[in-house]
$ cat work_38.csv   # CSV, C-alpha atoms
chain,number,residue,atom,x,y,z
A,702,MET,CA,-20.4,5.3,-3.8
A,703,SER,CA,-16.6,4.9,-3.6
A,704,LEU,CA,-14.5,5.2,-6.8
A,705,SER,CA,-12.5,2.3,-5.5
A,706,GLY,CA,-15.7,0.2,-6.1
A,707,ASN,CA,-15.5,0.7,-9.9
A,708,ASN,CA,-18.1,3.5,-9.9
A,709,SER,CA,-15.8,6.1,-11.4
A,710,ASP,CA,-18.0,6.1,-14.5
A,711,TYR,CA,-20.8,7.8,-12.6
A,712,HIS,CA,-19.1,11.2,-12.6
A,713,LYS,CA,-17.4,12.7,-15.7
A,714,ILE,CA,-13.8,13.0,-14.6
A,715,ALA,CA,-11.1,15.0,-16.4
A,716,VAL,CA,-7.4,14.7,-15.6
A,717,LEU,CA,-5.5,17.9,-16.4
A,718,LEU,CA,-1.8,17.8,-17.1
A,719,PRO,CA,-0.1,21.1,-18.1
A,720,CYS,CA,3.2,20.3,-19.7
A,721,TYR,CA,6.4,22.0,-20.8
A,722,ASN,CA,9.2,19.8,-22.0
A,723,GLU,CA,8.1,16.7,-20.1
A,724,ALA,CA,9.0,14.1,-22.8
A,725,ALA,CA,11.0,12.1,-20.2
A,726,SER,CA,8.0,11.5,-18.0
A,727,ILE,CA,4.7,12.2,-19.7
A,728,ASN,CA,4.2,8.6,-21.1
A,729,SER,CA,4.4,7.0,-17.6
A,730,VAL,CA,2.3,9.8,-16.1
A,731,VAL,CA,-0.5,9.3,-18.7
A,732,GLU,CA,-0.3,5.5,-18.2
A,733,SER,CA,-0.4,5.8,-14.4
A,734,PHE,CA,-3.6,8.0,-14.5
A,735,ARG,CA,-5.1,5.8,-17.1
A,736,LYS,CA,-4.6,2.8,-14.8
A,737,ALA,CA,-5.9,4.7,-11.7
A,738,LEU,CA,-8.9,6.3,-13.4
A,739,PRO,CA,-9.8,4.1,-16.4
A,740,HIS,CA,-13.0,6.1,-17.1
A,741,ALA,CA,-11.4,9.5,-17.0
A,742,VAL,CA,-10.4,11.6,-20.0
A,743,ILE,CA,-6.8,12.7,-19.7
A,744,TYR,CA,-5.9,16.0,-21.2
A,745,VAL,CA,-2.3,17.1,-21.8
A,746,TYR,CA,-1.9,20.8,-22.7
A,747,ASP,CA,1.4,21.4,-24.3
A,748,ASN,CA,2.9,24.8,-23.4
A,749,ASN,CA,5.3,25.4,-26.4
A,750,SER,CA,7.5,22.4,-25.6
A,751,SER,CA,10.6,22.1,-27.8
A,752,ASP,CA,10.7,18.3,-27.3
A,753,ASP,CA,8.3,15.4,-28.2
A,754,THR,CA,6.0,15.9,-25.2
A,755,ALA,CA,2.9,16.3,-27.3
A,756,ASP,CA,3.6,13.3,-29.6
A,757,ILE,CA,4.4,11.0,-26.7
A,758,ALA,CA,1.3,12.0,-24.8
A,759,ARG,CA,-0.9,11.5,-27.9
A,760,ARG,CA,0.6,8.0,-28.4
A,761,ALA,CA,0.0,7.2,-24.8
A,762,GLY,CA,-3.7,7.9,-25.3
A,763,ALA,CA,-4.1,11.4,-23.9
A,764,THR,CA,-6.2,14.1,-25.6
A,765,VAL,CA,-3.5,16.7,-26.5
A,766,ARG,CA,-4.1,20.4,-26.9
A,767,ARG,CA,-1.9,23.4,-27.1
A,768,GLU,CA,-1.7,26.7,-25.2
A,769,THR,CA,0.7,29.2,-26.8
A,770,ARG,CA,0.8,31.7,-23.9
A,771,GLN,CA,3.7,30.7,-21.8
A,772,GLY,CA,3.1,30.0,-18.1
A,773,LYS,CA,1.2,27.5,-16.0
A,774,GLY,CA,-1.4,30.1,-15.1
A,775,ASN,CA,-2.2,30.7,-18.7
A,776,VAL,CA,-2.5,26.9,-19.3
A,777,LEU,CA,-4.8,26.5,-16.3
A,778,ARG,CA,-7.0,29.3,-17.5
A,779,ARG,CA,-7.4,27.6,-20.9
A,780,MET,CA,-8.0,24.2,-19.4
A,781,PHE,CA,-10.7,25.5,-17.0
A,782,ALA,CA,-12.4,27.4,-19.8
A,783,ASP,CA,-12.4,24.6,-22.4
A,784,ILE,CA,-12.9,21.3,-20.5
A,785,GLU,CA,-16.3,20.2,-19.3
A,786,ALA,CA,-16.5,17.7,-16.5
A,787,ASP,CA,-18.0,17.0,-13.0
A,788,ILE,CA,-14.6,16.5,-11.4
A,789,TYR,CA,-11.2,17.8,-12.3
A,790,VAL,CA,-7.9,16.2,-11.3
A,791,LEU,CA,-4.9,18.6,-11.7
A,792,ALA,CA,-1.4,17.2,-11.6
A,793,ASP,CA,2.0,17.9,-13.2
A,794,GLY,CA,3.5,16.0,-16.1
A,795,ASP,CA,6.8,15.4,-14.4
A,796,GLY,CA,5.9,12.2,-12.6
A,797,THR,CA,6.4,13.5,-9.1
A,798,TYR,CA,2.7,13.0,-8.0
A,799,ASP,CA,1.2,9.7,-7.1
A,800,ALA,CA,-1.5,8.9,-9.7
A,801,SER,CA,-2.7,5.9,-7.6
A,802,ALA,CA,-3.9,8.4,-4.9
A,803,ALA,CA,-6.3,10.1,-7.3
A,804,PRO,CA,-9.3,7.7,-6.6
A,805,MET,CA,-8.9,8.3,-2.9
A,806,LEU,CA,-8.8,12.1,-3.4
A,807,ILE,CA,-11.9,11.9,-5.6
A,808,ASP,CA,-13.7,9.7,-3.0
A,809,ARG,CA,-13.0,12.4,-0.4
A,810,LEU,CA,-14.4,15.1,-2.7
A,811,ILE,CA,-17.6,13.2,-3.3
A,812,GLU,CA,-18.2,11.8,0.1
A,813,ASP,CA,-17.7,15.1,2.0
A,814,ARG,CA,-19.4,17.2,-0.7
A,815,LEU,CA,-16.3,19.3,-1.2
A,816,ASP,CA,-15.1,21.8,-3.9
A,817,LEU,CA,-11.4,21.3,-3.4
A,818,VAL,CA,-9.1,18.5,-2.1
A,819,ASN,CA,-5.5,19.6,-1.9
A,820,GLY,CA,-2.8,16.9,-2.2
A,821,SER,CA,-0.3,17.8,0.5
A,822,ARG,CA,3.2,16.5,-0.5
A,823,VAL,CA,5.0,14.0,1.7
A,824,SER,CA,8.3,12.7,0.5
A,825,THR,CA,11.0,10.4,1.8
A,826,ALA,CA,13.2,11.0,-1.3
A,827,SER,CA,16.1,13.3,-0.4
A,828,HIS,CA,16.1,15.2,-3.7
A,829,ALA,CA,12.4,15.4,-4.4
A,830,TYR,CA,11.6,18.5,-2.4
A,831,ARG,CA,14.5,21.0,-2.5
A,832,PRO,CA,15.2,22.9,0.7
A,833,GLY,CA,14.7,26.3,-0.9
A,834,HIS,CA,11.3,25.3,-2.3
A,835,LYS,CA,10.2,23.7,1.0
A,836,LEU,CA,11.1,26.8,3.0
A,837,GLY,CA,9.5,29.2,0.5
A,838,ASN,CA,6.3,27.0,0.5
A,839,TYR,CA,6.2,27.1,4.3
A,840,VAL,CA,6.7,30.9,4.5
A,841,LEU,CA,4.2,31.7,1.8
A,842,THR,CA,1.6,29.2,3.0
A,843,LYS,CA,1.8,30.7,6.5
A,844,LEU,CA,1.5,34.2,5.1
A,845,VAL,CA,-1.7,33.3,3.2
A,846,SER,CA,-3.0,31.6,6.3
A,847,VAL,CA,-2.6,34.7,8.5
A,848,ILE,CA,-4.3,36.9,5.9
A,849,PHE,CA,-7.0,34.7,4.4
A,850,GLY,CA,-7.5,31.9,6.8
A,851,ARG,CA,-5.9,28.6,8.0
A,852,GLN,CA,-6.9,25.8,5.7
A,853,PHE,CA,-3.8,24.5,3.9
A,854,GLN,CA,-0.4,23.3,5.0
A,855,ASP,CA,1.0,22.9,1.4
A,856,MET,CA,-0.6,25.6,-0.6
A,857,LEU,CA,1.8,25.3,-3.5
A,858,SER,CA,1.1,21.7,-4.2
A,859,GLY,CA,0.2,21.1,-7.9
A,860,TYR,CA,-1.9,18.0,-7.1
A,861,LYS,CA,-5.5,19.0,-6.6
A,862,VAL,CA,-9.0,17.7,-7.2
A,863,PHE,CA,-11.8,20.3,-8.0
A,864,SER,CA,-15.6,20.3,-8.4
A,865,ARG,CA,-17.1,21.8,-11.4
A,866,ARG,CA,-18.4,24.6,-9.2
A,867,PHE,CA,-14.8,25.6,-8.3
A,868,VAL,CA,-13.4,25.4,-11.8
A,869,LYS,CA,-16.1,27.4,-13.5
A,870,SER,CA,-16.2,30.1,-10.8
A,871,PHE,CA,-12.4,30.6,-10.8
A,872,PRO,CA,-11.2,33.8,-12.5
A,873,ALA,CA,-7.7,32.5,-13.3
A,874,LEU,CA,-5.8,35.8,-13.6
A,875,SER,CA,-2.3,34.6,-12.9
A,876,ARG,CA,0.2,33.7,-15.6
A,877,GLY,CA,2.8,31.5,-14.0
A,878,PHE,CA,3.4,29.2,-11.0
A,879,GLU,CA,1.7,31.7,-8.7
A,880,THR,CA,-1.6,30.2,-9.9
A,881,GLU,CA,-1.5,27.7,-7.0
A,882,THR,CA,-1.7,30.7,-4.6
A,883,GLU,CA,-4.6,32.1,-6.5
A,884,LEU,CA,-6.4,28.8,-6.3
A,885,ALA,CA,-6.0,28.6,-2.6
A,886,VAL,CA,-7.2,32.2,-2.0
A,887,HIS,CA,-10.2,31.6,-4.2
A,888,ALA,CA,-11.3,28.8,-2.0
A,889,LEU,CA,-10.6,30.7,1.2
A,890,GLU,CA,-12.3,33.9,0.0
A,891,LEU,CA,-15.6,32.2,-0.9
A,892,ARG,CA,-15.3,29.9,2.1
A,893,MET,CA,-15.7,26.8,0.0
A,894,PRO,CA,-15.8,23.4,1.6
A,895,CYS,CA,-12.3,22.0,1.1
A,896,THR,CA,-9.7,19.8,2.8
A,897,GLU,CA,-6.1,18.6,2.5
A,898,VAL,CA,-4.9,15.0,2.2
A,899,GLU,CA,-1.3,13.8,2.4
A,900,THR,CA,0.0,12.2,-0.8
A,901,GLU,CA,3.4,10.8,-1.8
A,902,TYR,CA,5.7,13.0,-3.6
A,903,GLY,CA,8.6,11.5,-5.6
A,904,GLU,CA,11.6,12.6,-7.5
A,905,ARG,CA,11.7,13.7,-11.2
A,906,PRO,CA,13.2,11.3,-13.8
A,907,ALA,CA,17.0,11.7,-14.1
A,908,ASN,CA,16.8,13.5,-17.4
A,909,SER,CA,14.0,15.9,-16.4
A,910,THR,CA,14.5,19.4,-14.9
A,911,SER,CA,12.2,21.5,-12.8
A,912,LYS,CA,10.7,24.6,-14.4
A,913,LEU,CA,10.2,26.3,-11.0
A,914,ARG,CA,12.8,28.9,-10.1
A,915,THR,CA,13.0,29.4,-6.3
A,916,TYR,CA,13.7,33.1,-6.1
A,917,ARG,CA,12.0,34.3,-9.3
A,918,ASP,CA,8.8,32.4,-8.8
A,919,GLY,CA,8.9,33.0,-5.0
A,920,PHE,CA,9.0,36.8,-5.7
A,921,ARG,CA,6.1,36.5,-8.1
A,922,ILE,CA,4.1,34.6,-5.6
A,923,LEU,CA,4.9,37.2,-2.9
A,924,MET,CA,3.8,40.0,-5.3
A,925,LEU,CA,0.6,38.1,-6.1
A,926,ILE,CA,-0.1,37.9,-2.3
A,927,ALA,CA,0.5,41.6,-2.0
A,928,LYS,CA,-1.9,42.3,-4.9
A,929,LEU,CA,-4.5,39.9,-3.4
A,930,VAL,CA,-4.3,41.7,-0.1
A,931,LYS,CA,-4.8,45.0,-1.8
A,932,ASP,CA,-7.7,43.7,-3.8
A,933,GLU,CA,-9.4,41.5,-1.2
A,934,ARG,CA,-8.3,43.1,2.1
A,935,PRO,CA,-8.1,46.8,1.1
A,936,LEU,CA,-8.6,48.0,4.7
A,937,TRP,CA,-5.6,46.0,5.8
A,938,PHE,CA,-3.5,47.3,2.9
A,939,PHE,CA,-4.4,50.9,2.8
A,940,GLY,CA,-5.0,51.1,6.6
A,941,PHE,CA,-1.5,49.8,7.3
A,942,LEU,CA,0.0,52.3,4.8
A,943,GLY,CA,-2.1,55.1,6.4
A,944,LEU,CA,-1.1,54.3,9.9
A,945,LEU,CA,2.5,54.0,8.8
A,946,GLY,CA,2.4,57.4,7.2
A,947,MET,CA,0.7,59.0,10.1
A,948,GLY,CA,3.2,57.5,12.5
A,949,ILE,CA,6.2,58.7,10.6
A,950,GLY,CA,4.5,62.2,10.1
A,951,VAL,CA,3.9,62.5,13.9
A,952,GLY,CA,7.5,61.4,14.5
A,953,PHE,CA,8.8,64.2,12.4
A,954,GLY,CA,6.3,66.7,13.8
A,955,VAL,CA,7.1,66.1,17.5
A,956,SER,CA,10.4,68.0,17.5
A,957,VAL,CA,8.9,70.8,15.4
A,958,ILE,CA,6.0,71.2,17.8
A,959,GLY,CA,8.4,71.1,20.7
A,960,GLU,CA,10.5,73.9,19.2
A,961,TYR,CA,7.3,76.0,18.5
A,962,LEU,CA,6.1,75.6,22.1
A,963,ALA,CA,9.5,76.6,23.4
A,964,THR,CA,10.3,79.5,21.1
A,965,GLY,CA,7.1,80.4,19.3
A,966,LEU,CA,8.9,79.8,16.0
A,967,VAL,CA,9.1,77.1,13.3
A,968,PRO,CA,12.7,77.2,12.2
A,969,ARG,CA,12.5,73.9,10.3
A,970,LEU,CA,9.6,74.7,7.9
A,971,PRO,CA,10.4,71.8,5.4
A,972,THR,CA,10.2,69.3,8.2
A,973,ALA,CA,6.9,70.8,9.3
A,974,VAL,CA,5.5,70.6,5.8
A,975,LEU,CA,6.7,67.0,5.4
A,976,SER,CA,5.1,66.0,8.7
A,977,ILE,CA,1.7,67.6,7.8
A,978,GLY,CA,1.9,66.0,4.3
A,979,LEU,CA,2.6,62.5,5.7
A,980,VAL,CA,-0.2,62.8,8.3
A,981,LEU,CA,-2.8,64.0,5.7
A,982,THR,CA,-1.7,61.3,3.3
A,983,GLY,CA,-2.0,58.7,6.0
A,984,ILE,CA,-5.5,59.8,6.9
A,985,ILE,CA,-6.6,59.8,3.2
A,986,SER,CA,-5.1,56.3,2.7
A,987,PHE,CA,-6.9,55.0,5.8
A,988,PHE,CA,-10.3,56.3,4.7
A,989,THR,CA,-9.6,55.1,1.1
A,990,GLY,CA,-9.1,51.6,2.6
A,991,MET,CA,-12.5,51.9,4.4
A,992,MET,CA,-14.3,52.8,1.3
A,993,LEU,CA,-12.7,50.2,-0.9
A,994,ASP,CA,-13.5,47.6,1.8
A,995,MET,CA,-17.2,48.3,1.4
A,996,LEU,CA,-16.8,47.9,-2.4
A,997,THR,CA,-14.9,44.6,-1.9
A,998,GLN,CA,-17.6,43.1,0.3
A,999,SER,CA,-20.1,43.8,-2.4
A,1000,ARG,CA,-17.9,42.3,-5.0
A,1001,GLN,CA,-17.3,39.2,-2.9
A,1002,GLU,CA,-21.1,38.8,-2.5
A,1003,ILE,CA,-21.4,38.9,-6.3
A,1004,LYS,CA,-18.7,36.3,-6.6
A,1005,ARG,CA,-20.3,34.1,-4.0
A,1006,LEU,CA,-23.7,34.3,-5.8
A,1007,ALA,CA,-22.0,33.4,-9.1
A,1008,TYR,CA,-20.4,30.4,-7.4
A,1009,LEU,CA,-23.8,29.3,-6.0
A,1010,SER,CA,-25.5,29.7,-9.3
A,1011,LEU,CA,-23.5,26.7,-10.5
A,1012,PRO,CA,-24.9,23.2,-9.7
A,1013,PRO,CA,-23.2,21.2,-7.0
A,1014,LEU,CA,-21.6,17.8,-7.7
A,1015,PRO,CA,-24.3,15.4,-8.9
A,1016,ALA,CA,-25.5,13.0,-6.2
A,1017,GLU,CA,-24.9,9.3,-6.8

$ encode --input "work_38.csv" --output "structure tokens"
Amino acid sequence: MSLSGNNSDYHKIAVLLPCYNEAASINSVVESFRKALPHAVIYVYDNNSSDDTADIARRAGATVRRETRQGKGNVLRRMFADIEADIYVLADGDGTYDASAAPMLIDRLIEDRLDLVNGSRVSTASHAYRPGHKLGNYVLTKLVSVIFGRQFQDMLSGYKVFSRRFVKSFPALSRGFETETELAVHALELRMPCTEVETEYGERPANSTSKLRTYRDGFRILMLIAKLVKDERPLWFFGFLGLLGMGIGVGFGVSVIGEYLATGLVPRLPTAVLSIGLVLTGIISFFTGMMLDMLTQSRQEIKRLAYLSLPPLPAE
């Protein structure tokens, strides 16, 4: 049944709003989700705000809790651990996401039996989506697509709907804004059924500022992607380093071998030692990647079984 047909009370729905200094917008955000999902429980997790975010959210009717470890990833880990529901709606407390789209996203999750629906951002407002953020999102999304699979066009969107299966199988290791990348990779690694739906993305209120820092957080996301490649695609990671080392070693060794064949001498002994060392290191790195790849496959099988041990979304 569709949620638009007033059947939202069939599934237990939780709206998750991680917040840090969102006093300017949190009241309207809570009211918007209350209107869109009247049977949902709205949770606001205050992440050490220095303003009245928590008090305003509480007066608006939200269930307010606190996470003292700074960073969106830390808040998300606490939310996923503490809150029990069938369906989870994740959004930001800054008022940029369209709460009225939530029933449609949930309908899609239920009707197609999905574990994740990603709200891809579409904006006509000139200042809603800064050029640096847009470019960084495009580059990082494409990078993840090449490595882990093509599923998302807006990987870094903070507007997502999850099944309980997804939430309770998600390890949540990130600390900050890179958690969106970890969410996407989790779905791609376990080959979960998921999709992406366009949603309107608006501007922040005039007296509200973004907590995202383009270069700092972009670098953190890039480092997370590198770590995930090392952990989840070790043959790619160590194999590339191994081939690179062997290639450089052979490059240094060609001239040394040429001199030896011509004169029978090795006048550049340090270069010869460096060449041999690089080639041997490259070979070790390549075979290390092969062994770690076998271990990674076993670990992924365990993660998949843990995911399957959780019950699917209840049928209507």

$ closest_atom_pairs --input "work_38.csv" --of "region 759-806 of chain A" --to "region 858-876 of chain A" --cutoff "6 Å" --atoms "only C-alpha atoms" --output "Markdown table"
| residue | atom | partner | partner_atom | distance |
| --- | --- | --- | --- | --- |
| A:Gly772 | CA | A:Arg876 | CA | 5.3 |
| A:Gly774 | CA | A:Arg876 | CA | 4.0 |
| A:Asn775 | CA | A:Arg876 | CA | 4.9 |
| A:Arg778 | CA | A:Ala873 | CA | 5.3 |
| A:Phe781 | CA | A:Val868 | CA | 5.9 |
| A:Asp787 | CA | A:Arg865 | CA | 5.1 |
| A:Ile788 | CA | A:Ser864 | CA | 4.9 |
| A:Tyr789 | CA | A:Phe863 | CA | 5.0 |
| A:Val790 | CA | A:Val862 | CA | 4.5 |
| A:Leu791 | CA | A:Lys861 | CA | 5.2 |
| A:Ala792 | CA | A:Tyr860 | CA | 4.6 |

$ closest_residue --input "work_38.csv" --among "A:Phe849, A:Tyr1008, A:Tyr961, A:Tyr721" --to "Arg934 (chain A)" --atoms "all atoms listed in the file"
A:Phe849

$ closest_atom_pairs --input "work_38.csv" --of "region 917-971 of chain A" --to "region 984-999 of chain A" --cutoff "9 Å" --atoms "only C-alpha atoms" --output "JSON lines"
{"residue": "A:Asp932", "atom": "CA", "partner": "A:Thr997", "partner_atom": "CA", "distance": 7.5}
{"residue": "A:Glu933", "atom": "CA", "partner": "A:Thr997", "partner_atom": "CA", "distance": 6.4}
{"residue": "A:Arg934", "atom": "CA", "partner": "A:Asp994", "partner_atom": "CA", "distance": 6.9}
{"residue": "A:Pro935", "atom": "CA", "partner": "A:Gly990", "partner_atom": "CA", "distance": 5.1}
{"residue": "A:Leu936", "atom": "CA", "partner": "A:Gly990", "partner_atom": "CA", "distance": 4.2}
{"residue": "A:Trp937", "atom": "CA", "partner": "A:Gly990", "partner_atom": "CA", "distance": 7.3}
{"residue": "A:Phe938", "atom": "CA", "partner": "A:Gly990", "partner_atom": "CA", "distance": 7.1}
{"residue": "A:Phe939", "atom": "CA", "partner": "A:Gly990", "partner_atom": "CA", "distance": 4.8}
{"residue": "A:Gly940", "atom": "CA", "partner": "A:Phe987", "partner_atom": "CA", "distance": 4.4}
{"residue": "A:Phe941", "atom": "CA", "partner": "A:Phe987", "partner_atom": "CA", "distance": 7.6}
{"residue": "A:Leu942", "atom": "CA", "partner": "A:Ser986", "partner_atom": "CA", "distance": 6.8}
{"residue": "A:Gly943", "atom": "CA", "partner": "A:Phe987", "partner_atom": "CA", "distance": 4.8}
{"residue": "A:Leu944", "atom": "CA", "partner": "A:Phe987", "partner_atom": "CA", "distance": 7.1}
{"residue": "A:Gly946", "atom": "CA", "partner": "A:Ile984", "partner_atom": "CA", "distance": 8.3}
{"residue": "A:Met947", "atom": "CA", "partner": "A:Ile984", "partner_atom": "CA", "distance": 7.0}

$ closest_residue --input "work_38.csv" --among "A:Thr896, A:Ser821, A:Thr842, A:Thr972" --to "Gly952 (chain A)" --atoms "all atoms listed in the file"
A:Thr972

$ atom_distance --input "work_38.csv" --atom1 "CA of Asn748 (chain A)" --atom2 "CA of Ser729 (chain A)"
18.8 Å

$ closest_residue --input "work_38.csv" --among "A:Arg822, A:Arg851, A:Lys843, A:Lys1004" --to "Ile926 (chain A)" --atoms "only C-alpha atoms"
A:Lys843

$ residues_around --input "work_38.csv" --residues "region 710-718 of chain A" --least-positions-apart "4" --cutoff "10 Å" --atoms "only C-alpha atoms" --output "JSON list (two decimals) with C-alpha atoms, in the frame of the given file"
[["chain", "number", "residue", "atom", "x", "y", "z"],
["A", 702, "MET", "CA", -20.40, 5.30, -3.80],
["A", 704, "LEU", "CA", -14.50, 5.20, -6.80],
["A", 727, "ILE", "CA", 4.70, 12.20, -19.70],
["A", 730, "VAL", "CA", 2.30, 9.80, -16.10],
["A", 731, "VAL", "CA", -0.50, 9.30, -18.70],
["A", 734, "PHE", "CA", -3.60, 8.00, -14.50],
["A", 735, "ARG", "CA", -5.10, 5.80, -17.10],
["A", 738, "LEU", "CA", -8.90, 6.30, -13.40],
["A", 739, "PRO", "CA", -9.80, 4.10, -16.40],
["A", 740, "HIS", "CA", -13.00, 6.10, -17.10],
["A", 741, "ALA", "CA", -11.40, 9.50, -17.00],
["A", 742, "VAL", "CA", -10.40, 11.60, -20.00],
["A", 743, "ILE", "CA", -6.80, 12.70, -19.70],
["A", 744, "TYR", "CA", -5.90, 16.00, -21.20],
["A", 745, "VAL", "CA", -2.30, 17.10, -21.80],
["A", 746, "TYR", "CA", -1.90, 20.80, -22.70],
["A", 747, "ASP", "CA", 1.40, 21.40, -24.30],
["A", 763, "ALA", "CA", -4.10, 11.40, -23.90],
["A", 764, "THR", "CA", -6.20, 14.10, -25.60],
["A", 765, "VAL", "CA", -3.50, 16.70, -26.50],
["A", 776, "VAL", "CA", -2.50, 26.90, -19.30],
["A", 777, "LEU", "CA", -4.80, 26.50, -16.30],
["A", 780, "MET", "CA", -8.00, 24.20, -19.40],
["A", 781, "PHE", "CA", -10.70, 25.50, -17.00],
["A", 784, "ILE", "CA", -12.90, 21.30, -20.50],
["A", 785, "GLU", "CA", -16.30, 20.20, -19.30],
["A", 786, "ALA", "CA", -16.50, 17.70, -16.50],
["A", 787, "ASP", "CA", -18.00, 17.00, -13.00],
["A", 788, "ILE", "CA", -14.60, 16.50, -11.40],
["A", 789, "TYR", "CA", -11.20, 17.80, -12.30],
["A", 790, "VAL", "CA", -7.90, 16.20, -11.30],
["A", 791, "LEU", "CA", -4.90, 18.60, -11.70],
["A", 792, "ALA", "CA", -1.40, 17.20, -11.60],
["A", 793, "ASP", "CA", 2.00, 17.90, -13.20],
["A", 794, "GLY", "CA", 3.50, 16.00, -16.10],
["A", 795, "ASP", "CA", 6.80, 15.40, -14.40],
["A", 803, "ALA", "CA", -6.30, 10.10, -7.30],
["A", 807, "ILE", "CA", -11.90, 11.90, -5.60],
["A", 811, "ILE", "CA", -17.60, 13.20, -3.30],
["A", 859, "GLY", "CA", 0.20, 21.10, -7.90],
["A", 860, "TYR", "CA", -1.90, 18.00, -7.10],
["A", 861, "LYS", "CA", -5.50, 19.00, -6.60],
["A", 862, "VAL", "CA", -9.00, 17.70, -7.20],
["A", 863, "PHE", "CA", -11.80, 20.30, -8.00],
["A", 864, "SER", "CA", -15.60, 20.30, -8.40],
["A", 865, "ARG", "CA", -17.10, 21.80, -11.40],
["A", 1014, "LEU", "CA", -21.60, 17.80, -7.70],
["A", 1015, "PRO", "CA", -24.30, 15.40, -8.90],
["A", 1016, "ALA", "CA", -25.50, 13.00, -6.20],
["A", 1017, "GLU", "CA", -24.90, 9.30, -6.80]]

$ atom_distance --input "work_38.csv" --atom1 "CA of Thr769 (chain A)" --atom2 "CA of Ala755 (chain A)"
13.1 Å

$ atom_distance --input "work_38.csv" --atom1 "CA of Gly950 (chain A)" --atom2 "CA of Pro968 (chain A)"
17.2 Å

$ residues_around --input "work_38.csv" --residues "Leu806 (chain A)" --least-positions-apart "5" --cutoff "8 Å" --atoms "only C-alpha atoms" --output "PyMOL selection string"
chain A and resi 818+820+862+898

$ closest_residue --input "work_38.csv" --among "A:Leu945, A:Leu970, A:Leu979, A:Val823" --to "Gly903 (chain A)" --atoms "all atoms listed in the file"
A:Val823

$ closest_residue --input "work_38.csv" --among "A:Leu1006, A:Ile757, A:Leu817, A:Ala724" --to "Met893 (chain A)" --atoms "all atoms listed in the file"
A:Leu817

$ build_atoms --input "work_38.csv" --residues "region 861-873 of chain A" --atoms "N, CA and C atoms" --output "mmCIF file, keeping the file's coordinate frame"
data_model
loop_
_atom_site.group_PDB
_atom_site.id
_atom_site.type_symbol
_atom_site.label_atom_id
_atom_site.label_comp_id
_atom_site.auth_asym_id
_atom_site.auth_seq_id
_atom_site.Cartn_x
_atom_site.Cartn_y
_atom_site.Cartn_z
ATOM 1 N N LYS A 861 -4.256 18.574 -7.134
ATOM 2 C CA LYS A 861 -5.500 19.000 -6.600
ATOM 3 C C LYS A 861 -6.686 18.386 -7.316
ATOM 4 N N VAL A 862 -7.806 18.233 -6.600
ATOM 5 C CA VAL A 862 -9.000 17.700 -7.200
ATOM 6 C C VAL A 862 -10.116 18.799 -6.955
ATOM 7 N N PHE A 863 -10.820 19.185 -8.027
ATOM 8 C CA PHE A 863 -11.800 20.300 -8.000
ATOM 9 C C PHE A 863 -13.183 19.754 -8.365
ATOM 10 N N SER A 864 -14.190 20.414 -7.837
ATOM 11 C CA SER A 864 -15.600 20.300 -8.400
ATOM 12 C C SER A 864 -15.734 21.191 -9.552
ATOM 13 N N ARG A 865 -16.772 20.943 -10.332
ATOM 14 C CA ARG A 865 -17.100 21.800 -11.400
ATOM 15 C C ARG A 865 -17.405 23.246 -10.930
ATOM 16 N N ARG A 866 -18.046 23.315 -9.784
ATOM 17 C CA ARG A 866 -18.400 24.600 -9.200
ATOM 18 C C ARG A 866 -17.144 25.463 -8.981
ATOM 19 N N PHE A 867 -16.084 24.840 -8.487
ATOM 20 C CA PHE A 867 -14.800 25.600 -8.300
ATOM 21 C C PHE A 867 -14.254 26.046 -9.576
ATOM 22 N N VAL A 868 -14.118 25.121 -10.518
ATOM 23 C CA VAL A 868 -13.400 25.400 -11.800
ATOM 24 C C VAL A 868 -14.121 26.524 -12.554
ATOM 25 N N LYS A 869 -15.432 26.457 -12.658
ATOM 26 C CA LYS A 869 -16.100 27.400 -13.500
ATOM 27 C C LYS A 869 -16.389 28.751 -12.793
ATOM 28 N N SER A 870 -16.050 28.861 -11.515
ATOM 29 C CA SER A 870 -16.200 30.100 -10.800
ATOM 30 C C SER A 870 -14.783 30.767 -10.561
ATOM 31 N N PHE A 871 -13.721 30.090 -11.013
ATOM 32 C CA PHE A 871 -12.400 30.600 -10.800
ATOM 33 C C PHE A 871 -11.936 31.542 -11.849
ATOM 34 N N PRO A 872 -11.529 32.778 -11.489
ATOM 35 C CA PRO A 872 -11.200 33.800 -12.500
ATOM 36 C C PRO A 872 -9.900 33.522 -13.255
ATOM 37 N N ALA A 873 -8.931 32.831 -12.639
ATOM 38 C CA ALA A 873 -7.700 32.500 -13.300
ATOM 39 C C ALA A 873 -6.970 33.671 -13.907
#
